[in-house]
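Student: Input structure: protein.cif, which contains mmCIF, C-alpha atoms.
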data_model
#
loop_
_atom_site.label_atom_id
_atom_site.label_comp_id
_atom_site.auth_asym_id
_atom_site.auth_seq_id
_atom_site.Cartn_x
_atom_site.Cartn_y
_atom_site.Cartn_z
CA MET Q 802 -13.76 -3.62 3.22
CA ARG Q 803 -12.65 0.01 3.32
CA GLU Q 804 -15.19 2.79 3.86
CA ARG Q 805 -17.91 0.31 4.80
CA GLY Q 806 -20.14 3.09 6.03
CA ARG Q 807 -20.13 4.71 2.59
CA TRP Q 808 -21.28 1.59 0.75
CA THR Q 809 -24.45 1.96 -1.31
CA PRO Q 810 -26.14 -0.52 -3.71
CA SER Q 811 -24.88 -0.40 -7.28
CA LYS Q 812 -25.55 -3.11 -9.86
CA TYR Q 813 -27.89 -5.07 -7.58
CA VAL Q 814 -30.34 -3.98 -4.90
CA MET Q 815 -32.05 -5.92 -2.15
CA ARG Q 816 -35.85 -5.88 -2.15
CA GLY Q 817 -37.21 -7.77 0.79
CA GLU Q 818 -34.86 -10.72 1.11
CA LYS Q 819 -33.96 -11.04 -2.57
CA LEU Q 820 -31.34 -9.40 -4.78
CA HIS Q 821 -32.65 -7.73 -7.94
CA PRO Q 822 -31.01 -5.89 -10.84
CA ASN Q 823 -30.88 -2.16 -10.18
CA ARG Q 824 -33.30 -0.19 -12.37
CA ASP Q 825 -31.05 2.85 -12.16
CA ARG Q 826 -29.49 3.10 -15.64
CA ARG Q 827 -26.44 4.80 -14.19
CA GLU Q 828 -25.58 1.55 -12.40
CA LEU Q 829 -26.91 -1.08 -14.81
CA ALA Q 830 -27.75 -0.68 -18.48
CA VAL Q 831 -31.31 -1.56 -19.44
CA SER Q 832 -29.96 -4.11 -21.93
CA SER Q 833 -28.13 -6.00 -19.16
CA ARG Q 834 -31.05 -6.55 -16.78
CA LEU Q 835 -31.80 -10.06 -17.99
CA ILE Q 836 -28.31 -11.46 -17.50
CA ALA Q 837 -28.07 -9.61 -14.17
CA ARG Q 838 -31.31 -11.24 -13.01
CA LEU Q 839 -30.15 -14.70 -14.06
CA ILE Q 840 -26.83 -14.22 -12.25
CA THR Q 841 -28.42 -12.98 -9.02
CA ASP Q 842 -30.74 -15.99 -9.00
CA LYS Q 843 -27.66 -18.23 -8.88
CA TYR Q 844 -25.81 -16.27 -6.21
CA GLN Q 845 -28.83 -15.71 -3.97
CA SER Q 846 -29.12 -19.33 -2.83
CA ALA Q 847 -25.38 -20.01 -3.03
CA PHE Q 848 -24.50 -17.23 -0.59
CA ARG Q 849 -26.92 -18.59 1.98
CA GLN Q 850 -25.78 -22.18 1.56
CA TYR Q 851 -22.02 -21.79 1.18
CA ALA Q 852 -20.63 -18.33 2.03
CA HIS Q 853 -19.01 -18.17 5.47
CA GLY Q 854 -16.09 -16.81 7.48
CA LEU Q 855 -13.58 -14.48 5.83
CA LEU Q 856 -14.54 -13.72 2.21
CA LEU Q 857 -12.25 -12.42 -0.54
CA ASP Q 858 -13.97 -10.55 -3.37
CA MET Q 859 -11.58 -10.87 -6.29
CA GLY Q 860 -12.23 -8.09 -8.79
CA CYS Q 861 -14.75 -6.47 -6.48
CA GLY Q 862 -15.78 -3.44 -8.54
CA LYS Q 863 -18.34 -1.51 -6.48
CA GLU Q 864 -19.06 -4.54 -4.29
CA PRO Q 865 -22.43 -5.19 -5.98
CA PHE Q 866 -23.05 -8.46 -4.11
CA TYR Q 867 -22.23 -7.15 -0.63
CA GLU Q 868 -25.84 -6.85 0.45
CA GLY Q 869 -26.42 -10.45 -0.61
CA TYR Q 870 -23.61 -12.06 1.39
CA ARG Q 871 -22.79 -9.73 4.29
CA GLU Q 872 -25.00 -11.54 6.80
CA CYS Q 873 -23.35 -14.84 5.88
CA VAL Q 874 -19.69 -13.91 6.46
CA SER Q 875 -17.65 -12.52 9.33
CA GLU Q 876 -15.57 -10.13 7.21
CA ASN Q 877 -14.86 -9.32 3.57
CA ILE Q 878 -11.63 -8.25 1.87
CA CYS Q 879 -11.92 -6.44 -1.48
CA ILE Q 880 -9.26 -6.49 -4.19
CA ASP Q 881 -9.23 -5.04 -7.69
CA TRP Q 882 -6.94 -3.86 -10.46
CA PRO Q 883 -5.04 -0.58 -10.03
CA GLY Q 884 -6.89 2.00 -12.10
CA SER Q 885 -10.07 -0.09 -12.21
CA ILE Q 886 -12.82 1.51 -14.31
CA HIS Q 887 -15.09 1.23 -11.26
CA ASN Q 888 -13.06 3.74 -9.17
CA ASN Q 889 -14.02 1.89 -6.02
CA VAL Q 890 -13.41 3.45 -2.60
CA HIS Q 891 -13.99 0.08 -0.93
CA VAL Q 892 -10.90 -1.69 -2.29
CA ASP Q 893 -8.58 -2.92 0.48
CA VAL Q 894 -5.74 -3.94 -1.84
CA PHE Q 895 -5.08 -2.89 -5.42
CA CYS Q 896 -3.10 -5.58 -7.22
CA ASP Q 897 -2.58 -7.30 -10.55
CA LEU Q 898 -5.23 -10.04 -10.48
CA SER Q 899 -3.40 -11.94 -13.22
CA GLN Q 900 -0.35 -12.49 -10.99
CA THR Q 901 0.34 -14.10 -7.60
CA LEU Q 902 -1.97 -12.41 -5.10
CA PRO Q 903 -0.56 -10.73 -1.96
CA PHE Q 904 -2.04 -13.03 0.68
CA ALA Q 905 -0.77 -16.06 2.57
CA ALA Q 906 -1.94 -19.53 1.60
CA GLY Q 907 -5.08 -20.73 3.35
CA THR Q 908 -6.29 -17.26 4.35
CA PHE Q 909 -9.91 -17.28 3.19
CA ASP Q 910 -13.02 -19.35 3.89
CA THR Q 911 -14.90 -18.06 0.83
CA LEU Q 912 -13.69 -16.58 -2.45
CA LEU Q 913 -16.01 -14.67 -4.80
CA SER Q 914 -15.02 -14.16 -8.44
CA SER Q 915 -17.77 -12.59 -10.54
CA ASP Q 916 -17.09 -11.87 -14.23
CA VAL Q 917 -13.32 -11.89 -13.69
CA ILE Q 918 -11.61 -14.97 -15.13
CA GLU Q 919 -12.38 -14.01 -18.74
CA HIS Q 920 -10.17 -10.95 -18.15
CA LEU Q 921 -7.13 -12.90 -16.91
CA PRO Q 922 -4.54 -13.88 -19.56
CA ASN Q 923 -3.38 -16.94 -17.58
CA PRO Q 924 -6.46 -18.75 -16.25
CA GLU Q 925 -4.41 -21.71 -14.99
CA LEU Q 926 -2.52 -19.39 -12.65
CA ALA Q 927 -5.75 -17.69 -11.59
CA PHE Q 928 -7.39 -20.94 -10.53
CA SER Q 929 -4.18 -22.08 -8.86
CA GLU Q 930 -4.11 -18.85 -6.84
CA MET Q 931 -7.74 -19.15 -5.84
CA SER Q 932 -7.06 -22.68 -4.63
CA ARG Q 933 -3.93 -21.57 -2.76
CA LEU Q 934 -5.75 -18.79 -0.92
CA LEU Q 935 -8.64 -20.98 0.28
CA LYS Q 936 -8.56 -22.82 3.57
CA PRO Q 937 -9.28 -26.57 3.53
CA ASN Q 938 -13.03 -26.88 2.88
CA GLY Q 939 -13.00 -23.30 1.59
CA ILE Q 940 -15.58 -22.36 -1.04
CA LEU Q 941 -15.17 -20.72 -4.45
CA LEU Q 942 -18.21 -18.95 -5.93
CA LEU Q 943 -17.68 -17.91 -9.55
CA ASN Q 944 -19.55 -16.86 -12.66
CA THR Q 945 -18.25 -16.09 -16.13
CA PRO Q 946 -19.93 -15.21 -19.45
CA PHE Q 947 -19.97 -17.47 -22.51
CA LEU Q 948 -22.20 -16.30 -25.40
CA TYR Q 949 -21.79 -12.66 -24.48
CA MET Q 950 -20.37 -9.47 -25.98
CA LEU Q 951 -16.76 -8.37 -25.61
CA HIS Q 952 -16.42 -6.04 -22.64
CA GLU Q 953 -13.67 -4.06 -20.90
CA VAL Q 954 -11.60 -4.44 -24.07
CA PRO Q 955 -8.75 -4.99 -24.72
CA ASN Q 956 -8.65 -6.99 -21.48
CA ASP Q 957 -11.20 -9.61 -22.50
CA TYR Q 958 -9.36 -12.83 -23.33
CA TYR Q 959 -11.49 -15.97 -23.02
CA ARG Q 960 -14.85 -17.70 -23.04
CA PHE Q 961 -14.86 -21.01 -21.17
CA THR Q 962 -17.05 -24.07 -21.82
CA ARG Q 963 -18.15 -26.22 -18.88
CA TYR Q 964 -15.47 -28.71 -19.94
CA ALA Q 965 -12.73 -26.09 -19.78
CA ILE Q 966 -13.98 -24.99 -16.36
CA LYS Q 967 -13.88 -28.55 -15.05
CA HIS Q 968 -10.36 -28.95 -16.44
CA LEU Q 969 -9.16 -25.76 -14.73
CA LEU Q 970 -10.69 -26.83 -11.43
CA ASP Q 971 -9.05 -30.25 -11.66
CA MET Q 972 -5.64 -28.73 -12.37
CA ALA Q 973 -6.03 -26.42 -9.37
CA GLY Q 974 -7.05 -29.27 -7.06
CA LEU Q 975 -10.56 -27.92 -6.47
CA GLU Q 976 -13.58 -30.18 -6.22
CA LEU Q 977 -16.68 -29.24 -8.20
CA VAL Q 978 -19.86 -28.89 -6.12
CA ARG Q 979 -22.15 -27.19 -8.68
CA LEU Q 980 -21.68 -26.13 -12.29
CA GLU Q 981 -24.74 -24.63 -13.92
CA GLU Q 982 -25.48 -22.97 -17.23
CA ILE Q 983 -26.94 -19.47 -17.03
CA GLY Q 984 -29.73 -18.71 -19.49
CA GLY Q 985 -30.15 -20.36 -22.89
CA TYR Q 986 -30.59 -19.28 -26.49
CA GLY Q 987 -33.60 -17.16 -25.51
CA ALA Q 988 -31.44 -15.22 -23.06
CA VAL Q 989 -28.66 -14.89 -25.64
CA ILE Q 990 -31.02 -13.56 -28.33
CA THR Q 991 -32.69 -11.21 -25.86
CA ASP Q 992 -29.34 -9.87 -24.75
CA LEU Q 993 -28.08 -9.35 -28.31
CA VAL Q 994 -31.23 -7.70 -29.64
CA SER Q 995 -31.76 -5.44 -26.63
CA LYS Q 996 -28.13 -4.29 -26.71
CA ALA Q 997 -28.50 -3.43 -30.40
CA MET Q 998 -31.80 -1.62 -29.77
CA SER Q 999 -30.47 0.36 -26.81
CA ALA Q 1000 -28.02 2.15 -29.10
CA LEU Q 1001 -30.89 3.75 -31.04
CA PRO Q 1002 -31.77 7.34 -30.10
CA LEU Q 1003 -35.00 8.04 -28.19
CA ILE Q 1004 -36.84 4.75 -28.77
CA GLY Q 1005 -33.83 2.59 -27.98
CA PRO Q 1006 -34.00 2.35 -24.17
CA PRO Q 1007 -37.79 1.77 -24.00
CA MET Q 1008 -37.56 -0.90 -26.71
CA ALA Q 1009 -34.62 -2.55 -24.96
CA SER Q 1010 -36.58 -2.54 -21.70
CA LEU Q 1011 -39.56 -4.21 -23.39
CA ILE Q 1012 -37.36 -6.86 -25.01
CA GLN Q 1013 -35.66 -7.54 -21.68
CA GLY Q 1014 -39.02 -7.98 -19.97
CA ILE Q 1015 -40.16 -10.49 -22.57
CA GLY Q 1016 -36.82 -12.28 -22.30
CA LEU Q 1017 -37.16 -12.57 -18.53
CA LEU Q 1018 -40.50 -14.32 -18.93
CA ALA Q 1019 -39.24 -16.61 -21.70
CA SER Q 1020 -35.96 -17.55 -20.01
CA GLY Q 1021 -37.73 -19.35 -17.19
CA GLY Q 1022 -39.04 -21.94 -19.61
CA LEU Q 1023 -35.60 -22.75 -20.98
CA ARG Q 1024 -33.80 -23.59 -17.77
CA SER Q 1025 -33.98 -27.36 -18.09
CA THR Q 1026 -33.94 -27.77 -21.89
CA PRO Q 1027 -31.09 -28.76 -24.24
CA ALA Q 1028 -31.02 -25.13 -25.39
CA LEU Q 1029 -29.74 -24.14 -21.99
CA ILE Q 1030 -26.81 -26.55 -22.15
CA ARG Q 1031 -25.90 -25.87 -25.78
CA PHE Q 1032 -26.39 -22.09 -25.80
CA PRO Q 1033 -25.59 -20.68 -22.34
CA ILE Q 1034 -25.09 -16.98 -21.86
CA GLY Q 1035 -22.72 -17.91 -19.03
CA TYR Q 1036 -21.78 -20.34 -16.28
CA PHE Q 1037 -22.03 -20.37 -12.49
CA LEU Q 1038 -20.08 -22.67 -10.24
CA VAL Q 1039 -19.48 -23.61 -6.64
CA ALA Q 1040 -16.22 -25.43 -5.93
CA GLN Q 1041 -14.48 -26.52 -2.75
CA LYS Q 1042 -10.91 -27.00 -1.64
CA PRO Q 1043 -10.61 -30.61 -0.43
CA GLY Q 1044 -11.13 -31.24 3.24
CA SER Q 1045 -13.78 -32.93 5.32
CA GLY Q 1046 -16.54 -32.09 2.83
CA ILE Q 1047 -19.70 -30.04 2.87
CA GLU Q 1048 -22.41 -31.21 5.19
#
Give the structure from this file in structure tokens form.

Tutor:
Amino acid sequence: MRERGRWTPSKYVMRGEKLHPNRDRRELAVSSRLIARLITDKYQSAFRQYAHGLLLDMGCGKEPFYEGYRECVSENICIDWPGSIHNNVHVDVFCDLSQTLPFAAGTFDTLLSSDVIEHLPNPELAFSEMSRLLKPNGILLLNTPFLYMLHEVPNDYYRFTRYAIKHLLDMAGLELVRLEEIGGYGAVITDLVSKAMSALPLIGPPMASLIQGIGLLASGGLRSTPALIRFPIGYFLVAQKPGSGIE
């Protein structure tokens, strides 16, 4: 990672030993705190259990997860689009993430792809590349939205069901370790309403903050219900390139 000494927390911050959504509105909109919290909950345990060795952050942005995984890996390489909206000084290689990536096969032990695959016009190639770049037994950590607003338009192409994700993994020769829904209809409704409220002048941000707080409390009760499976706000997965297996 370039300019490591200049890295500062952005979307997520570490409090104690746990990642939390940043309350600084310049880094994370009030209306996105719920989905950010649900995503960090997934990554927190996954980093500790699976992240290791040389990590590639594909579509790294401002490296928001760095503080969560840095003690687990030996090194991290950051790649992103040329002209990324995040204007990130930490990018090692700017490249077209929708094409063949400029690394040799079997280079990385861990690959992180957070909120990226929905922006790639050829997801089959993307998963094939991720598989190619991983070493045997290498780990892919990935999340993607489902019932969520369009973002970074016009480069927002897909929403994937769990069945599509499994199909893409199978085609790429990656073995599924975990595939989990993020949120449920309560999280979806909270996200939609708070985003609508946040656009209102003056009262919008406080109202959005209140709605997000209520949604955070309610979302915990939906994690194991049919509503979670039928109405996810997104998906989180851990996959592995075949080898000797995870112990």

Student: Can you tell me, as a list of chain:residue names, what residues are no more than 8 Å from Glu976 (chain Q) when counting all atoms listed in the file, ignoring any on the same chain fewer than 5 positions away?

Tutor: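 Surrounding residues, per the criterion: Q:Leu970, Q:Asp971, Q:Ala1040, Q:Gln1041, Q:Lys1042, Q:Pro1043.
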
Student: Once the PyMOL selection byres ((chain Q and resi 811) around 9) has been evaluated on this model, what residues remain selected, and can you format them as a PyMOL selection string?

Tutor: chain Q and resi 809-810+812-814+822-823+825+827-829+863-866

Student: So which residues get picked by the PyMOL selection byres ((chain Q and resi 820) around 9) here, written as a PyMOL selection string?

Tutor: chain Q and resi 813-819+821-822+838+841-842+844-845+866+868-869

Student: How would you write, as an NGL selection string, the residues chosen by the PyMOL selection byres ((chain Q and resi 999-1015) around 9) on this structure?

Tutor: :Q and (830-835 or 988 or 991-992 or 994-998 or 1016-1020)

Student: Suppose you want the space between CA of Gly984 (chain Q) and CA of Arg824 (chain Q); what is it in Å?

Tutor: 20.2 Å

Student: Here is a test: counting only C-alpha atoms, which residue of Q:Leu839, Q:Cys873, Q:Leu912, Q:Val954 is nearest to Pro1033 (chain Q)?

Tutor: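 Of the candidates, the smallest distance to Pro1033 (chain Q) is held by Q:Leu839.
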
Student: Would you mind telling me which residue in Q:Met859, Q:His891, Q:Pro883, Q:Cys896 lies nearest to Trp808 (chain Q) when using only C-alpha atoms?

Tutor: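 Looking only at the distances to Trp808 (chain Q), the closest residue turns out to be Q:His891.
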
Student: Just the number, please: distance in Å from CA of Phe909 (chain Q) to CA of Asn938 (chain Q), one decimal.

Tutor: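 Those two atoms sit 10.1 Å apart.
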
Student: Between Q:Leu941, Q:Met802, Q:Ser846, Q:Asn923, single out the one closest to Ile878 (chain Q), counting all atoms listed in the file.

Tutor: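 Among Q:Leu941, Q:Met802, Q:Ser846, Q:Asn923, it is Q:Met802 that comes nearest to Ile878 (chain Q).
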
Student: Compare Q:Glu876, Q:Glu981, Q:Asp858, Q:Glu930 by their minimum atom-to-atom distance to Phe904 (chain Q), counting all atoms listed in the file, and give me the closest one.

Tutor: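 Distance minimum relative to Phe904 (chain Q) lands on Q:Glu930.
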
Student: Just to confirm, what's the straight-line distance from CA of Gly860 (chain Q) to CA of Ile983 (chain Q) in Å (one decimal)?

Tutor: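 A separation of 20.3 Å between them.
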
Student: Which residue, Q:Ala905, Q:Leu993, Q:Gln850, Q:Val892, has the smallest gap to Glu804 (chain Q) when you use all atoms listed in the file?

Tutor: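 Comparing Q:Ala905, Q:Leu993, Q:Gln850, Q:Val892 against Glu804 (chain Q), the winner is Q:Val892.
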
Student: Just checking: using only C-alpha atoms, which residue out of Q:Asn944, Q:Ser914, Q:Ser899, Q:Thr908 ends up closest to Leu926 (chain Q)?

Tutor: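 Using only C-alpha atoms, the shortest distance to Leu926 (chain Q) belongs to Q:Ser899.
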